[in-house]
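A short write-up of the structure that comes next.
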Amino acid sequence: MGRRGASGRVPARRRAVTGRRAAPVLMATALAVLCTTAAAPARAVPSAGPPGGYAFAEDARPIEGAAGPADAERLEPGATYRSSLPVRGAVHYRLRLDGASNAYVAVTAVPAPGSAVAASDGIRVSVRDGEGGSCSFDSASIGAARSPGPVTAWGRREVFPAKTRCREAGTYDVAVERTGGQYAAPGAWDLELAAFAEPAPKRVGATRAPEVWDSSSPAPPAGEPRRRRGGAGFAGAPLLGPGAWRDDIRPGQTLFYAVPVDWGQRVYATADLDGSGGRGYVPGALRLALHNPARGPVADTGTGYGGDPATAALPAVPPVAYANRHAAADKVSGMRFAGAYYVVVHLAARVADDFGEGPFGLTLRVGVGGAAESGPVYAGESAPRGLFEVPEGQRAAGTGAGGEKDDPVMTAVAVGGIGTGSLLLAGLGVWTLRARRRSGAL
C-alpha cells in the first residue's frame, strides 16, 4: 500500500499516476464481464419446470371466455391473459379497435402433461367483425408425435388499402375452439392469450410481397456450443444471438428462446438431439418451430428419433419486410415485422417409452443473415411499446450463407442484453473522465 499523509489520503500526484495505470486494468475487467453476458441470461428466466409444463406470464390476467360474443370480456392490446378452453364449444373474447391499427391475438393452448392426445387435437382461432364477417382464422394441432405440448395459433385484424372488410372502428369477436371433433382429448385445456396492436405506417408502401428472395438454406453456424437454459413459455424465453447453444431437454418438454431479428434480416436455426443408444422409433419426436414477435406461427419442422443423433432444420424464410404480410404462405407473411422471434423446441413424451426419461443433450445453431435496414415509420406506438423493433444493444451483425463469423461484441450484446454491459461501460467512462480531469488539474 502507498504511504499516506497525516490526513490519511494518498498525495495528489501519486493518486493521478495510480489512476492512469489502473485504467487499462479496469477496461479489461469491464470488457471481460461484458463478454461473459453471452453465457448468462439477460433477465431472470423462469425454470423450464417439469416435463410438459408451461410457464404462463407472471402478469397474466385471469379472464373467462364467454359462450357467445354478446357476453365476451374485453382483451386490451399489450396485455396477457390466462383462461381455459372446454372440449366442446367455442369461447369468446372481444377487442375494441380503431380504424387504422392492425391487431393480433396469439392463443397458446396447454393440454395437461401426460394426457392422451391425438394428432388432430388442437385449436382454431378466428376473428370476426361486428356484423359477423370473417377477418381471419388460424389453427394449430398436436401433430404426428401425439405429444401433449403447447400449441399456438393467432387471430388477426389487418387493415389493407384494398381490403373492404374489417377496416371499421368498433368491437371485434375473438373465438377459440378445440379441433379433433368427436375424438378430441377429454378435459379442459389452459389458455394463454396475448393481444398486440401494430400502428399504421405513416406512408403506404408496397402492397405485394416480394416475389424474389434467397430461399437457400444457409449452413448452420459452427463453433463450440455455449450453455443456455431455455424458458418454459413465451414470456420466459431468454435472448439468443447467432451461434451454437447447448441445453438439455426431457421427453414431453418444450423450450422457448428469443432471437432478435431486424428489418432486412432473416433467421435460421437447427436443433440437434444427441443419440441415446436405445431401440425403437418415434415419428415427429423432435419438433422445431419459429414464431414472430406477435407469437404468430411462421414455420415448423420435425424429425423422428430412433436412438441415433437427429437433426431438425427450419425451412428457409425471407428477410423481414413489411410487405411480406401480403403473401399467402405463413413462412413469408409471418416475417412481417422486426423484433424478437421465438425458436421453440419440443421433444415428444413418447420418447421416454423407448429411450428413457433423459435428459437428452440438445444443440441449437442459430443464424441471423443480412444487414439491418430501416423499417417503416409508424404513425404511433405499438402495444406493448417497442414490440416491433430491435433495441440498438441487441442488434447482431448478420452472417452470410457462407457462415462468416459475427461481430463478437455485437453477438455478446445481443445474447446478454445491454443492462450489465451498459452499466459497466458507463461507469468506466465516468471514472475515466474524472481521472483525466484530476490529472489535468495537476
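Here's how to read the names in the C-alpha cells: chain A, B, ... by the order shown, residue numbers from 1 in each chain, ligand numbers from 1 in the order shown.
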Selection near Gly155 in chain A, 7 Å with only C-alpha atoms, sequence-local residues under 6 positions removed, as an NGL selection string: :A and (104-106 or 125-127 or 136-138)
Per-residue nearest contacts range 49-124 of chain A to range 183-205 of chain A, cut-off 6 Å, using only C-alpha atoms, as a tab-separated table:
residue	atom	partner	partner_atom	distance
A:Pro77	CA	A:Ala195	CA	4.6
A:Gly78	CA	A:Phe196	CA	5.2
A:Ala79	CA	A:Ala195	CA	5.9
A:Thr80	CA	A:Ala194	CA	4.3
A:Tyr81	CA	A:Leu193	CA	5.0
A:Arg82	CA	A:Glu192	CA	4.7
A:Ser83	CA	A:Leu191	CA	4.9
A:Ser84	CA	A:Asp190	CA	4.4
A:Leu85	CA	A:Trp189	CA	5.1
A:Pro86	CA	A:Ala188	CA	4.4
A:Val87	CA	A:Ala188	CA	5.8
A:Ala100	CA	A:Ala200	CA	5.9
A:Ser101	CA	A:Pro199	CA	4.5
A:Asn102	CA	A:Glu198	CA	5.0
A:Ala103	CA	A:Ala197	CA	4.5
A:Tyr104	CA	A:Phe196	CA	5.1
A:Val105	CA	A:Ala195	CA	4.4
A:Ala106	CA	A:Ala194	CA	5.2
A:Val107	CA	A:Leu193	CA	4.6
A:Thr108	CA	A:Glu192	CA	5.1
A:Ala109	CA	A:Leu191	CA	4.7
A:Val110	CA	A:Asp190	CA	5.1
A:Pro111	CA	A:Trp189	CA	5.0
A:Val117	CA	A:Ala185	CA	5.3
A:Asp121	CA	A:Ala184	CA	5.8
Take the residues from that selection and put them in a file with N, CA, C and O atoms, as a CSV table (one decimal), in the first residue's frame.
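Result file follows (result_27.csv):
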chain,number,residue,atom,x,y,z
A,77,PRO,N,-55.1,-4.6,-25.9
A,77,PRO,CA,-53.8,-4.8,-26.6
A,77,PRO,C,-52.6,-4.4,-25.7
A,77,PRO,O,-52.6,-3.4,-25.0
A,78,GLY,N,-51.6,-5.3,-25.7
A,78,GLY,CA,-50.5,-5.1,-24.8
A,78,GLY,C,-50.5,-5.9,-23.5
A,78,GLY,O,-49.5,-5.9,-22.8
A,79,ALA,N,-51.6,-6.6,-23.3
A,79,ALA,CA,-51.8,-7.4,-22.1
A,79,ALA,C,-51.8,-8.8,-22.4
A,79,ALA,O,-52.1,-9.2,-23.5
A,80,THR,N,-51.5,-9.7,-21.4
A,80,THR,CA,-51.6,-11.1,-21.5
A,80,THR,C,-52.6,-11.7,-20.5
A,80,THR,O,-52.7,-11.1,-19.4
A,81,TYR,N,-53.3,-12.7,-20.9
A,81,TYR,CA,-54.4,-13.2,-20.1
A,81,TYR,C,-54.2,-14.8,-20.0
A,81,TYR,O,-53.6,-15.4,-20.8
A,82,ARG,N,-54.9,-15.3,-18.9
A,82,ARG,CA,-55.0,-16.7,-18.7
A,82,ARG,C,-56.4,-17.1,-18.6
A,82,ARG,O,-57.2,-16.5,-17.9
A,83,SER,N,-56.8,-18.2,-19.4
A,83,SER,CA,-58.2,-18.6,-19.4
A,83,SER,C,-58.2,-20.1,-19.6
A,83,SER,O,-57.1,-20.8,-19.4
A,84,SER,N,-59.3,-20.7,-20.0
A,84,SER,CA,-59.4,-22.2,-20.2
A,84,SER,C,-60.3,-22.4,-21.3
A,84,SER,O,-61.2,-21.6,-21.7
A,85,LEU,N,-60.2,-23.6,-21.9
A,85,LEU,CA,-61.0,-24.0,-23.1
A,85,LEU,C,-61.6,-25.4,-22.9
A,85,LEU,O,-60.9,-26.3,-22.7
A,86,PRO,N,-62.9,-25.5,-23.0
A,86,PRO,CA,-63.5,-26.8,-22.8
A,86,PRO,C,-63.4,-27.6,-24.1
A,86,PRO,O,-62.9,-27.2,-25.1
A,87,VAL,N,-63.7,-28.9,-23.9
A,87,VAL,CA,-63.6,-29.8,-25.0
A,87,VAL,C,-64.6,-29.4,-26.1
A,87,VAL,O,-64.2,-29.5,-27.3
A,100,ALA,N,-57.5,2.1,-37.9
A,100,ALA,CA,-56.3,2.1,-38.6
A,100,ALA,C,-55.3,1.1,-38.2
A,100,ALA,O,-54.5,0.6,-39.0
A,101,SER,N,-55.3,0.7,-36.9
A,101,SER,CA,-54.2,-0.2,-36.4
A,101,SER,C,-54.5,-1.7,-36.8
A,101,SER,O,-55.7,-2.1,-36.9
A,102,ASN,N,-53.5,-2.5,-36.9
A,102,ASN,CA,-53.6,-3.9,-37.0
A,102,ASN,C,-53.6,-4.5,-35.6
A,102,ASN,O,-52.9,-4.0,-34.7
A,103,ALA,N,-54.3,-5.5,-35.4
A,103,ALA,CA,-54.4,-6.2,-34.1
A,103,ALA,C,-54.2,-7.7,-34.2
A,103,ALA,O,-54.6,-8.3,-35.2
A,104,TYR,N,-53.5,-8.2,-33.2
A,104,TYR,CA,-53.2,-9.7,-33.2
A,104,TYR,C,-53.5,-10.2,-31.9
A,104,TYR,O,-53.2,-9.6,-30.8
A,105,VAL,N,-54.1,-11.4,-31.9
A,105,VAL,CA,-54.3,-12.2,-30.6
A,105,VAL,C,-53.7,-13.6,-30.8
A,105,VAL,O,-54.2,-14.4,-31.6
A,106,ALA,N,-52.6,-13.8,-30.0
A,106,ALA,CA,-52.0,-15.1,-30.0
A,106,ALA,C,-52.6,-16.0,-28.9
A,106,ALA,O,-52.7,-15.5,-27.8
A,107,VAL,N,-52.9,-17.2,-29.2
A,107,VAL,CA,-53.5,-18.1,-28.2
A,107,VAL,C,-52.7,-19.4,-28.1
A,107,VAL,O,-52.5,-20.1,-29.1
A,108,THR,N,-52.2,-19.6,-26.9
A,108,THR,CA,-51.4,-20.8,-26.7
A,108,THR,C,-52.3,-21.8,-25.8
A,108,THR,O,-52.6,-21.4,-24.7
A,109,ALA,N,-52.6,-22.9,-26.3
A,109,ALA,CA,-53.4,-23.9,-25.6
A,109,ALA,C,-52.4,-25.0,-25.0
A,109,ALA,O,-51.5,-25.4,-25.6
A,110,VAL,N,-52.7,-25.3,-23.7
A,110,VAL,CA,-51.8,-26.2,-23.0
A,110,VAL,C,-52.5,-27.4,-22.5
A,110,VAL,O,-53.3,-27.3,-21.5
A,111,PRO,N,-52.4,-28.6,-23.1
A,111,PRO,CA,-53.0,-29.8,-22.6
A,111,PRO,C,-52.3,-30.2,-21.3
A,111,PRO,O,-51.2,-29.8,-21.0
A,117,VAL,N,-53.5,-37.6,-26.2
A,117,VAL,CA,-54.0,-36.7,-27.3
A,117,VAL,C,-53.8,-37.3,-28.7
A,117,VAL,O,-52.9,-38.2,-28.8
A,121,ASP,N,-55.8,-33.3,-32.5
A,121,ASP,CA,-56.1,-32.4,-31.4
A,121,ASP,C,-55.4,-31.1,-31.6
A,121,ASP,O,-54.2,-31.0,-31.9
Closest to Asp354 in chain A among A:Gly53, A:Gly241, A:Gly89, A:Gly306, using only C-alpha atoms? A:Gly306
Excluding same-chain residues fewer than 6 positions from Gly133 in chain A, what lies within 12 Å of it counting only C-alpha atoms, as number ranges by chain? A: 126-127, 157, 164-168, 172-174
Which residues in range 100-295 of chain A does DSSP call strand (DSSP E or B)? List them as a PyMOL selection string. chain A and resi 102-110+122-128+134-141+151-157+170-179+189-198+201+226-227+231+239+243-249+254-261+266-273+282-291
